[in-house]
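Novice: Contents are compact mmCIF, C-alpha atoms; file name data39.txt:
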```
# COMPACT_ATOMS: atom_id res chain seq x y z
CA MET A 1 -49.70 -10.61 14.39
CA ALA A 2 -51.87 -11.82 17.15
CA GLU A 3 -55.11 -10.99 15.51
CA MET A 4 -58.14 -13.10 15.66
CA ASN A 5 -61.23 -13.00 13.69
CA VAL A 6 -63.73 -12.25 16.35
CA PRO A 7 -67.20 -12.81 15.13
CA GLU A 8 -69.20 -9.68 15.28
CA SER A 9 -71.85 -9.77 17.85
CA GLY A 10 -75.46 -8.83 17.45
CA ALA A 11 -77.66 -8.95 14.47
CA LYS A 12 -75.65 -11.24 12.25
CA LYS A 13 -75.36 -13.87 14.85
CA GLY A 14 -77.12 -17.04 13.93
CA LYS A 15 -78.17 -15.87 10.51
CA LYS A 16 -74.95 -16.11 8.65
CA LYS A 17 -71.78 -17.94 9.28
CA ALA A 18 -68.98 -15.50 9.94
CA ARG A 19 -66.77 -15.43 6.89
CA SER A 20 -63.15 -15.08 7.63
CA LYS A 21 -61.59 -12.39 5.58
CA LYS A 22 -59.10 -13.63 3.05
CA ALA A 23 -55.83 -12.04 3.95
CA SER A 24 -53.23 -11.56 1.29
CA THR A 25 -50.47 -14.13 1.46
CA ARG A 26 -47.86 -11.62 0.36
CA VAL A 27 -45.29 -10.81 2.90
CA ASP A 28 -42.89 -7.95 2.57
CA LEU A 29 -39.55 -9.66 2.19
CA THR A 30 -37.41 -6.54 2.13
CA ALA A 31 -36.38 -6.86 5.75
CA MET A 32 -35.51 -10.50 5.30
CA VAL A 33 -33.34 -9.70 2.28
CA ASP A 34 -31.61 -7.00 4.29
CA LEU A 35 -30.87 -9.49 7.01
CA GLY A 36 -29.63 -12.05 4.50
CA PHE A 37 -27.18 -9.66 2.90
CA LEU A 38 -25.98 -8.43 6.26
CA LEU A 39 -25.08 -11.95 7.26
CA ILE A 40 -23.46 -12.61 3.87
CA THR A 41 -21.26 -9.57 4.34
CA PHE A 42 -20.24 -10.78 7.76
CA PHE A 43 -19.32 -14.25 6.57
CA MET A 44 -17.50 -12.94 3.54
CA LEU A 45 -15.32 -10.72 5.66
CA ALA A 46 -14.69 -13.28 8.37
CA THR A 47 -13.73 -16.11 6.08
CA THR A 48 -10.29 -16.98 4.79
CA MET A 49 -10.61 -17.71 1.15
CA ASN A 50 -7.12 -18.52 -0.06
CA LYS A 51 -5.98 -21.60 1.76
CA PRO A 52 -2.28 -21.64 2.55
CA LYS A 53 -0.23 -24.22 0.74
CA ALA A 54 2.25 -26.47 2.42
CA MET A 55 5.72 -27.11 1.14
CA GLU A 56 6.95 -30.38 2.48
CA VAL A 57 10.53 -30.55 3.70
CA ASN A 58 12.29 -33.72 4.72
CA LYS A 59 15.55 -33.27 6.52
CA PRO A 60 17.93 -36.17 6.93
CA ALA A 61 17.74 -37.64 10.41
CA LYS A 62 20.57 -36.50 12.61
CA ASP A 63 22.53 -39.41 13.84
CA LYS A 64 25.35 -38.46 16.07
CA GLU A 65 27.01 -41.87 16.08
CA LYS A 66 26.96 -42.16 12.35
CA ASP A 67 30.26 -41.38 10.79
CA LYS A 68 30.52 -38.76 8.11
CA GLU A 69 32.51 -41.21 5.99
CA GLU A 70 29.36 -43.17 5.34
CA LEU A 71 27.83 -40.41 3.31
CA PRO A 72 27.92 -41.20 -0.37
CA GLU A 73 30.50 -39.30 -2.32
CA ILE A 74 29.35 -37.32 -5.26
CA LYS A 75 31.52 -36.43 -8.20
CA GLN A 76 32.41 -32.77 -8.39
CA SER A 77 31.23 -32.55 -11.95
CA LYS A 78 27.75 -33.50 -10.88
CA THR A 79 27.40 -30.87 -8.19
CA TYR A 80 26.35 -27.29 -8.05
CA SER A 81 26.57 -25.16 -4.94
CA ILE A 82 24.28 -22.25 -4.30
CA ILE A 83 25.10 -19.94 -1.42
CA LEU A 84 22.34 -17.62 -0.23
CA GLY A 85 23.56 -14.33 1.14
CA LYS A 86 22.01 -11.12 2.36
CA ASN A 87 20.24 -8.60 0.13
CA ASN A 88 18.60 -11.45 -1.82
CA MET A 89 21.86 -12.44 -3.48
CA ALA A 90 22.84 -15.93 -4.48
CA TYR A 91 26.34 -17.14 -5.28
CA CYS A 92 26.79 -20.23 -7.38
CA TYR A 93 29.72 -22.38 -8.34
CA THR A 94 30.53 -25.82 -9.65
CA GLY A 95 32.67 -28.20 -7.72
CA ALA A 96 32.87 -28.80 -4.02
CA ASP A 97 36.55 -29.19 -3.29
CA ASP A 98 38.73 -26.34 -2.23
CA ASP A 99 40.02 -24.72 -5.29
CA ALA A 100 41.35 -21.22 -5.71
CA ASN A 101 40.41 -21.08 -9.38
CA VAL A 102 36.75 -21.84 -8.94
CA LYS A 103 34.48 -19.45 -10.80
CA VAL A 104 31.78 -17.96 -8.63
CA ASP A 105 28.74 -16.32 -10.17
CA SER A 106 26.61 -13.94 -8.21
CA THR A 107 22.99 -13.55 -9.18
CA PHE A 108 19.56 -12.47 -8.06
CA PHE A 109 16.45 -14.53 -7.60
CA SER A 110 14.86 -14.13 -10.96
CA ARG A 111 13.94 -16.12 -13.98
CA ALA A 112 16.82 -14.68 -15.98
CA GLY A 113 19.28 -15.07 -13.11
CA LEU A 114 19.19 -18.09 -10.91
CA ARG A 115 16.77 -20.18 -12.90
CA ALA A 116 18.77 -19.71 -16.09
CA MET A 117 21.91 -20.80 -14.27
CA ILE A 118 20.30 -23.93 -12.85
CA LYS A 119 18.96 -24.81 -16.28
CA GLN A 120 22.38 -24.24 -17.82
CA ARG A 121 24.01 -26.47 -15.25
CA GLN A 122 21.37 -29.13 -15.88
CA ASN A 123 22.27 -29.03 -19.56
CA GLU A 124 25.95 -29.38 -18.79
CA VAL A 125 25.28 -32.41 -16.62
CA GLN A 126 22.98 -33.80 -19.28
CA GLN A 127 25.76 -33.55 -21.85
CA GLN A 128 28.43 -34.97 -19.62
CA TRP A 129 26.50 -37.74 -17.92
CA GLY A 130 23.58 -38.29 -20.19
CA ASN A 131 21.01 -37.65 -17.48
CA LYS A 132 20.22 -34.31 -15.96
CA ASP A 133 18.88 -35.98 -12.82
CA GLU A 134 22.46 -36.75 -11.88
CA LEU A 135 22.84 -33.12 -10.86
CA PHE A 136 23.18 -32.63 -7.13
CA ILE A 137 22.52 -29.13 -5.83
CA MET A 138 23.90 -28.08 -2.49
CA ILE A 139 21.98 -25.20 -0.99
CA LYS A 140 23.89 -23.34 1.67
CA PRO A 141 21.93 -20.48 3.21
CA LEU A 142 24.01 -18.03 5.23
CA PRO A 143 22.54 -16.75 8.51
CA ASP A 144 21.72 -13.33 7.08
CA SER A 145 19.74 -14.61 4.14
CA LYS A 146 16.00 -14.31 4.35
CA TYR A 147 13.52 -17.12 4.80
CA ARG A 148 11.94 -16.03 1.55
CA ASN A 149 15.16 -16.89 -0.28
CA MET A 150 15.11 -20.39 1.14
CA VAL A 151 11.52 -20.92 0.03
CA ASP A 152 12.36 -19.44 -3.37
CA ILE A 153 15.29 -21.77 -3.91
CA LEU A 154 13.27 -24.83 -2.88
CA ASP A 155 10.65 -23.63 -5.27
CA GLU A 156 13.21 -23.31 -8.05
CA MET A 157 14.18 -26.92 -7.42
CA ALA A 158 10.57 -27.92 -8.00
CA ILE A 159 10.20 -25.69 -11.05
CA CYS A 160 13.43 -26.83 -12.69
CA GLY A 161 12.75 -30.44 -11.78
CA VAL A 162 15.96 -30.95 -9.82
CA LYS A 163 15.61 -34.34 -8.19
CA ARG A 164 18.55 -34.26 -5.83
CA TYR A 165 19.29 -31.36 -3.55
CA ALA A 166 20.08 -30.74 0.08
CA ILE A 167 20.23 -27.84 2.49
CA ILE A 168 23.66 -27.91 4.03
CA ASP A 169 24.98 -25.95 6.99
CA GLU A 170 28.64 -26.77 6.59
CA PHE A 171 30.91 -24.50 4.65
CA ASN A 172 34.15 -25.13 2.81
CA SER A 173 36.91 -22.63 2.10
CA ILE A 174 35.27 -21.42 -1.11
CA ASP A 175 32.13 -20.58 0.81
CA GLU A 176 34.19 -18.81 3.44
CA GLY A 177 35.80 -16.74 0.71
CA ILE A 178 32.41 -15.81 -0.69
CA GLY A 179 31.14 -14.94 2.76
CA ALA A 180 34.12 -12.71 3.48
CA LYS A 181 33.91 -10.90 0.13
CA SER A 182 30.21 -10.24 0.31
CA GLY A 183 30.23 -9.25 3.97
CA ASN A 184 28.14 -12.18 5.18
CA ARG A 185 28.55 -13.99 8.44
CA LEU A 186 29.04 -17.71 8.06
CA LYS A 187 27.79 -18.78 11.44
CA ALA A 188 25.07 -17.53 13.68
CA ASP A 189 26.41 -15.76 16.75
CA LYS A 190 24.30 -17.60 19.20
CA GLY A 191 21.81 -20.38 19.39
CA PHE A 192 21.40 -24.04 19.68
CA GLN A 193 23.26 -24.79 16.45
CA ILE A 194 26.51 -23.43 17.77
CA MET A 195 26.07 -25.10 21.10
CA ASN A 196 25.42 -28.36 19.34
CA THR A 197 28.67 -28.31 17.47
CA VAL A 198 30.70 -27.41 20.54
CA GLU A 199 29.12 -29.77 22.98
CA ALA A 200 26.19 -31.94 22.09
CA PRO A 201 23.57 -31.79 24.83
CA PRO A 202 22.21 -35.23 25.68
CA SER A 203 18.77 -35.70 24.30
CA ASN A 204 16.16 -37.35 26.43
CA MET B 1 -55.27 18.25 -26.11
CA SER B 2 -55.11 16.10 -23.13
CA LYS B 3 -51.92 14.67 -21.92
CA ALA B 4 -51.50 10.93 -22.21
CA LYS B 5 -51.86 9.63 -18.74
CA ILE B 6 -49.14 7.32 -17.58
CA PRO B 7 -50.65 4.71 -15.41
CA ARG B 8 -49.16 4.66 -11.94
CA LYS B 9 -47.37 1.46 -11.18
CA SER B 10 -46.91 0.09 -7.77
CA THR B 11 -43.40 0.56 -6.40
CA ALA B 12 -43.49 -2.67 -4.48
CA ILE B 13 -41.21 -5.26 -6.02
CA ASP B 14 -41.44 -8.94 -5.45
CA MET B 15 -38.55 -9.66 -3.17
CA THR B 16 -38.91 -13.43 -3.15
CA ALA B 17 -36.25 -14.12 -5.76
CA MET B 18 -33.79 -11.74 -4.19
CA CYS B 19 -34.40 -13.29 -0.83
CA ASP B 20 -33.75 -16.72 -2.31
CA VAL B 21 -30.44 -15.58 -3.76
CA ALA B 22 -29.39 -13.91 -0.54
CA PHE B 23 -30.01 -17.00 1.51
CA LEU B 24 -28.41 -19.28 -1.04
CA LEU B 25 -25.22 -17.25 -0.85
CA LEU B 26 -25.52 -17.07 2.89
CA SER B 27 -25.73 -20.82 3.25
CA PHE B 28 -22.72 -21.18 0.95
CA PHE B 29 -20.63 -18.87 3.08
CA ILE B 30 -21.77 -20.44 6.32
CA LEU B 31 -20.81 -23.88 5.09
CA THR B 32 -17.46 -22.97 3.58
CA THR B 33 -16.26 -20.51 6.18
CA LYS B 34 -13.36 -21.15 8.43
CA PHE B 35 -12.70 -18.35 10.80
CA LYS B 36 -9.40 -16.57 10.81
CA PRO B 37 -7.49 -17.58 13.90
CA ASN B 38 -6.62 -14.63 16.05
CA GLU B 39 -2.90 -14.54 15.71
CA GLN B 40 -0.40 -12.95 17.99
CA VAL B 41 1.63 -11.48 15.18
CA GLN B 42 1.05 -10.48 11.63
CA VAL B 43 3.07 -12.84 9.47
CA ASN B 44 3.60 -12.18 5.81
CA ILE B 45 4.18 -15.59 4.28
CA PRO B 46 6.22 -16.04 1.11
CA SER B 47 4.63 -17.45 -1.99
CA SER B 48 5.63 -20.62 -3.78
CA THR B 49 4.35 -22.95 -6.46
CA ALA B 50 3.63 -25.68 -3.91
CA GLN B 51 0.25 -27.20 -4.63
CA ILE B 52 -0.51 -29.32 -1.58
CA PRO B 53 -3.11 -27.66 0.62
CA LEU B 54 -2.41 -27.62 4.31
CA PRO B 55 -4.50 -30.24 6.13
CA ASP B 56 -7.31 -28.86 8.25
CA LYS B 57 -6.71 -30.74 11.44
CA ASP B 58 -3.95 -32.22 13.58
CA ILE B 59 -1.59 -29.34 13.05
CA LEU B 60 1.04 -27.99 15.37
CA LEU B 61 1.61 -24.53 14.03
CA ILE B 62 4.93 -22.88 14.78
CA THR B 63 4.94 -19.22 13.84
CA VAL B 64 8.17 -17.26 13.59
CA ASP B 65 7.91 -13.51 13.17
CA THR B 66 10.42 -11.15 11.55
CA LYS B 67 12.39 -10.72 14.75
CA GLY B 68 12.62 -14.45 15.37
CA ALA B 69 10.02 -14.64 18.15
CA VAL B 70 8.35 -18.05 18.15
CA TYR B 71 4.68 -18.82 18.83
CA VAL B 72 3.19 -22.28 19.08
CA GLY B 73 -0.35 -23.56 18.91
CA VAL B 74 -2.41 -26.62 18.09
CA ASP B 75 -5.80 -26.56 16.43
CA ASP B 76 -7.74 -29.20 18.30
CA GLN B 77 -9.25 -28.26 21.66
CA ASN B 78 -8.92 -31.69 23.23
CA THR B 79 -5.26 -31.77 22.27
CA ARG B 80 -4.89 -28.34 23.84
CA LEU B 81 -6.20 -29.65 27.15
CA ALA B 82 -3.87 -32.62 27.22
CA TRP B 83 -1.03 -30.36 26.17
CA LEU B 84 -1.68 -27.86 28.94
CA GLU B 85 -1.78 -30.66 31.47
CA LYS B 86 1.64 -31.92 30.40
CA ILE B 87 3.14 -28.45 30.38
CA ALA B 88 1.73 -27.75 33.84
CA GLU B 89 3.16 -30.97 35.16
CA ARG B 90 6.61 -30.26 33.76
CA TYR B 91 6.77 -26.64 34.86
CA LYS B 92 5.02 -27.29 38.16
CA PHE B 93 2.02 -25.03 38.22
CA THR B 94 -1.56 -25.93 38.98
CA VAL B 95 -4.32 -25.56 36.46
CA ASP B 96 -7.94 -24.90 37.34
CA GLY B 97 -11.05 -25.06 35.21
CA SER B 98 -11.03 -21.43 34.15
CA MET B 99 -7.43 -21.70 33.02
CA GLN B 100 -8.30 -24.76 30.98
CA GLN B 101 -11.14 -22.85 29.39
CA ALA B 102 -8.80 -19.97 28.63
CA PHE B 103 -6.22 -22.26 27.07
CA LYS B 104 -8.88 -23.95 24.97
CA THR B 105 -9.69 -20.69 23.27
CA MET B 106 -6.10 -19.74 22.56
CA ASP B 107 -5.04 -20.44 19.00
CA ASN B 108 -1.42 -19.95 19.86
CA PHE B 109 0.76 -18.49 22.54
CA GLY B 110 4.24 -17.17 22.88
CA VAL B 111 5.29 -16.72 26.48
CA PRO B 112 7.93 -18.46 28.58
CA ALA B 113 6.51 -21.34 30.62
CA SER B 114 6.93 -19.38 33.84
CA ASN B 115 4.54 -16.71 32.57
CA LEU B 116 1.98 -19.09 31.14
CA LYS B 117 -0.05 -19.31 34.34
CA GLN B 118 -0.19 -15.55 34.61
CA LEU B 119 -1.31 -15.30 30.99
CA LEU B 120 -4.07 -17.83 31.54
CA THR B 121 -5.46 -16.13 34.64
CA MET B 122 -5.87 -12.80 32.83
CA ALA B 123 -9.23 -11.61 31.64
CA PRO B 124 -9.74 -12.34 27.95
CA GLU B 125 -9.72 -8.66 26.93
CA GLU B 126 -6.55 -8.08 28.86
CA ARG B 127 -4.92 -11.13 27.30
CA ALA B 128 -5.67 -9.87 23.83
CA LYS B 129 -3.88 -6.65 24.61
CA VAL B 130 -0.75 -8.04 26.21
CA LYS B 131 2.29 -8.34 23.97
CA GLN B 132 3.65 -11.86 24.03
CA PRO B 133 7.42 -12.05 23.67
CA GLY B 134 7.67 -15.51 22.12
CA VAL B 135 8.50 -18.95 23.42
CA SER B 136 11.94 -19.36 24.93
CA LEU B 137 14.42 -21.12 22.67
CA GLU B 138 17.25 -20.97 25.15
CA VAL B 139 19.00 -24.24 25.85
CA VAL B 140 20.78 -24.68 29.13
CA PRO B 141 22.79 -27.79 28.30
CA PRO B 142 21.38 -30.75 30.13
CA ALA B 143 17.81 -29.57 29.77
CA PRO B 144 16.07 -29.01 26.44
CA SER B 145 14.65 -25.59 25.66
CA GLU B 146 11.06 -24.77 26.57
CA PHE B 147 10.24 -24.77 22.90
CA MET B 148 11.49 -28.35 22.55
CA ASP B 149 9.39 -29.35 25.55
CA PHE B 150 6.28 -27.73 24.10
CA VAL B 151 6.78 -29.54 20.81
CA LEU B 152 7.41 -32.84 22.54
CA PHE B 153 4.33 -32.50 24.77
CA ALA B 154 2.14 -31.50 21.87
CA ARG B 155 3.21 -34.58 19.98
CA GLN B 156 2.60 -36.74 23.03
CA SER B 157 -0.87 -35.25 23.37
CA ASN B 158 -1.69 -36.09 19.79
CA PRO B 159 0.62 -38.55 18.02
CA ASN B 160 -0.89 -37.74 14.61
CA LEU B 161 0.18 -34.14 14.82
CA ARG B 162 1.84 -32.69 11.76
CA ILE B 163 4.28 -29.91 12.20
CA ALA B 164 3.82 -26.78 10.18
CA VAL B 165 6.29 -23.93 10.24
CA LYS B 166 5.04 -20.51 9.30
CA CYS B 167 7.64 -17.80 8.98
CA ASP B 168 7.62 -14.27 7.72
CA LYS B 169 9.26 -13.56 4.37
CA GLU B 170 11.80 -11.33 6.04
CA THR B 171 12.72 -13.65 8.88
CA SER B 172 16.43 -14.35 8.72
CA TYR B 173 17.56 -17.87 7.95
CA GLU B 174 19.38 -17.81 11.27
CA ALA B 175 16.11 -17.71 13.20
CA VAL B 176 14.41 -20.28 10.99
CA ASN B 177 17.37 -22.62 11.20
CA GLU B 178 17.39 -22.37 14.97
CA VAL B 179 13.78 -23.54 15.11
CA ILE B 180 14.46 -26.33 12.60
CA ALA B 181 17.57 -27.47 14.45
CA GLN B 182 15.61 -27.70 17.67
CA LEU B 183 12.84 -29.61 15.94
CA GLN B 184 15.41 -32.04 14.56
CA GLU B 185 16.79 -32.48 18.03
CA LYS B 186 13.32 -33.73 18.95
CA LYS B 187 13.42 -36.12 15.97
CA VAL B 188 11.11 -34.07 13.81
CA ASN B 189 12.67 -34.41 10.38
CA LYS B 190 9.58 -33.91 8.32
CA PHE B 191 7.64 -30.71 8.43
CA ASN B 192 5.63 -28.38 6.27
CA LEU B 193 6.62 -24.87 5.41
CA ILE B 194 3.53 -22.77 4.98
CA THR B 195 3.47 -20.68 1.85
CA ALA B 196 0.85 -18.84 -0.12
CA GLY B 197 -0.02 -20.27 -3.48
CA ARG B 198 1.04 -18.13 -6.38
CA GLY B 199 -1.95 -19.22 -8.41
CA SER B 200 -0.59 -17.97 -11.70
CA ALA B 201 -1.29 -20.15 -14.68
CA GLN B 202 2.05 -19.31 -16.22
CA GLU B 203 3.94 -20.56 -13.22
CA GLY B 204 1.91 -23.73 -13.21
CA GLU B 205 2.78 -24.48 -16.80
CA GLU B 206 6.41 -23.96 -16.22
CA LYS B 207 6.46 -26.46 -13.45
CA GLU B 208 6.34 -29.41 -15.78
```
Written as structure tokens, that's how I'd like the structure from this file.

Specialist:
Amino acid sequence: MAEMNVPESGAKKGKKKARSKKASTRVDLTAMVDLGFLLITFFMLATTMNKPKAMEVNKPAKDKEKDKEELPEIKQSKTYSIILGKNNMAYCYTGADDDANVKVDSTFFSRAGLRAMIKQRQNEVQQQWGNKDELFIMIKPLPDSKYRNMVDILDEMAICGVKRYAIIDEFNSIDEGIGAKSGNRLKADKGFQIMNTVEAPPSN
Amino acid sequence: MSKAKIPRKSTAIDMTAMCDVAFLLLSFFILTTKFKPNEQVQVNIPSSTAQIPLPDKDILLITVDTKGAVYVGVDDQNTRLAWLEKIAERYKFTVDGSMQQAFKTMDNFGVPASNLKQLLTMAPEERAKVKQPGVSLEVVPPAPSEFMDFVLFARQSNPNLRIAVKCDKETSYEAVNEVIAQLQEKKVNKFNLITAGRGSAQEGEEKE
């Protein structure tokens, strides 16, 4: 590296100008390639390629003073309730009022199961009301259902194009019946939710 | 009969092109890379057809593992400093420069506020080894839970913060709902659930 062309001393001096030797401009790049690929490997392994996607959720603002009466009433024939239980099961029925004769379907999260049922219900609403967007789906996850089920059902809403749906934490007597039959708890045993319903802590 | 002589060729290959390719790829990876944050827990996120990519900055990430333990973290280092200051003020412990430095490097944490100081004074290697139990969600009626405080302070430190909730597939709805209920108590009604894209063309077609 640190070589210099030292003019040879002695006889040649003065007679002839020292000619610098022409060195080849070729450099062995093998080592550089090695280094390049090493770094590539490092960056490939350290990087996260698939960016996570975000599913936006808007919950209605909790207003303690607001009376429940103010909520808009929805006709039974426009509703569909989906209860999420444990073991990836979903229970669906039409109608929200307490009714002993209500028909409850149990299904799995699959294209043939839940999605077919939502589509069928959309068709029914379409026939009755002339617009399938009138359908209102009430999603009621039970405490033992998995987070995956909740994401799946929200996803189904997007896939089936359901415009109106809500996640609801209040249960009627039909839901209680379903919970009891399928061995699901209706309420969490502990936590802020329970405390909130018993005695609302003042927020600062 | 004399054998046909095969002329000896030099084994040296011109590496210039290969070198070019290597460095081209290298520069691509350097520019596009975003390092994996060192997370406290391994979380297996569910997949969905959601298409919106998660924004890169101004994120308050709330991670819930299978057992319902909660970890919180913000991405921006300046926000982290302001956040730590507010937490220290509320829970009455003093923060020195080394603790600030330690907190700056932490992508998320999951310890009760009383143990935060201890966690920050540990050596980095030690901190990586220690098992963090999760942020306390317990509410003792007049006071909000520590989790609520952390969320509130984070939002005060950076008002543009978006809230992202990352839960494991197998986390029970009970645990998720608890976190959401506490967020709503702090007037957070809009948040992002983090999911993995499914990326299947068939699913995409079905969407519309």

Novice: Using all atoms listed in the file and a cut-off of 6 Å, which residues of chain B sit close to chain A? Please list them as a PyMOL selection string.

Specialist: chain B and resi 15+19+22-23+26+29+33-35+46+50+52-54+141-142+169-174+189-197+207

Novice: Quick one, how far is atom CA of Val72 of chain B from atom CA of Thr121 of chain B?

Specialist: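 Separating atom CA of Val72 of chain B from atom CA of Thr121 of chain B is a distance of 18.8 Å.
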
Novice: Quick one: pull the distance between atom CA of Met148 of chain B and atom CA of Val188 of chain B, Å, one decimal.

Specialist: 10.5 Å

Novice: Could you tell me how far atom CA of Glu85 of chain B lies from atom CA of Cys167 of chain B, in Å and to one decimal?

Specialist: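 Atom CA of Cys167 of chain B lies at a distance of 27.6 Å from atom CA of Glu85 of chain B.
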
Novice: If the box runs along x, y and z of the file and leaves 8 Å on each side of segment 142-151 of chain B, what are its centre and edge lengths in Å, one decimal, as AutoDock Vina command-line options?

Specialist:
```
--center_x 13.8 --center_y -27.8 --center_z 25.5 --size_x 31.1 --size_y 22.0 --size_z 25.3
```

Novice: Point out the residue among A:Ile118, A:Ala23, A:Ala112, A:Leu135 with the least atom-to-atom distance to Lys78 of chain A, counting all atoms listed in the file.

Specialist: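 Checking each of A:Ile118, A:Ala23, A:Ala112, A:Leu135 against Lys78 of chain A, counting all atoms listed in the file, the winner is A:Leu135.
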
Novice: Which residues are close to Arg90 of chain B, i.e. within 12 Å by all atoms listed in the file, leaving aside same-chain residues fewer than 2 positions away? Reply as a list in words.

Specialist: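 Here the qualifying residues turn out to be Trp83, Leu84, Glu85, Lys86, Ile87, Ala88, Lys92, Phe93, Thr94, Ala113, Ser114, Ala143, Glu146, Asp149, Phe150, Leu152 and Phe153 of chain B.
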
Novice: I'd like to know which of A:Trp129, A:Lys22, A:Val104, A:Ile174 is closest to Lys75 of chain A, using only C-alpha atoms.

Specialist: A:Trp129
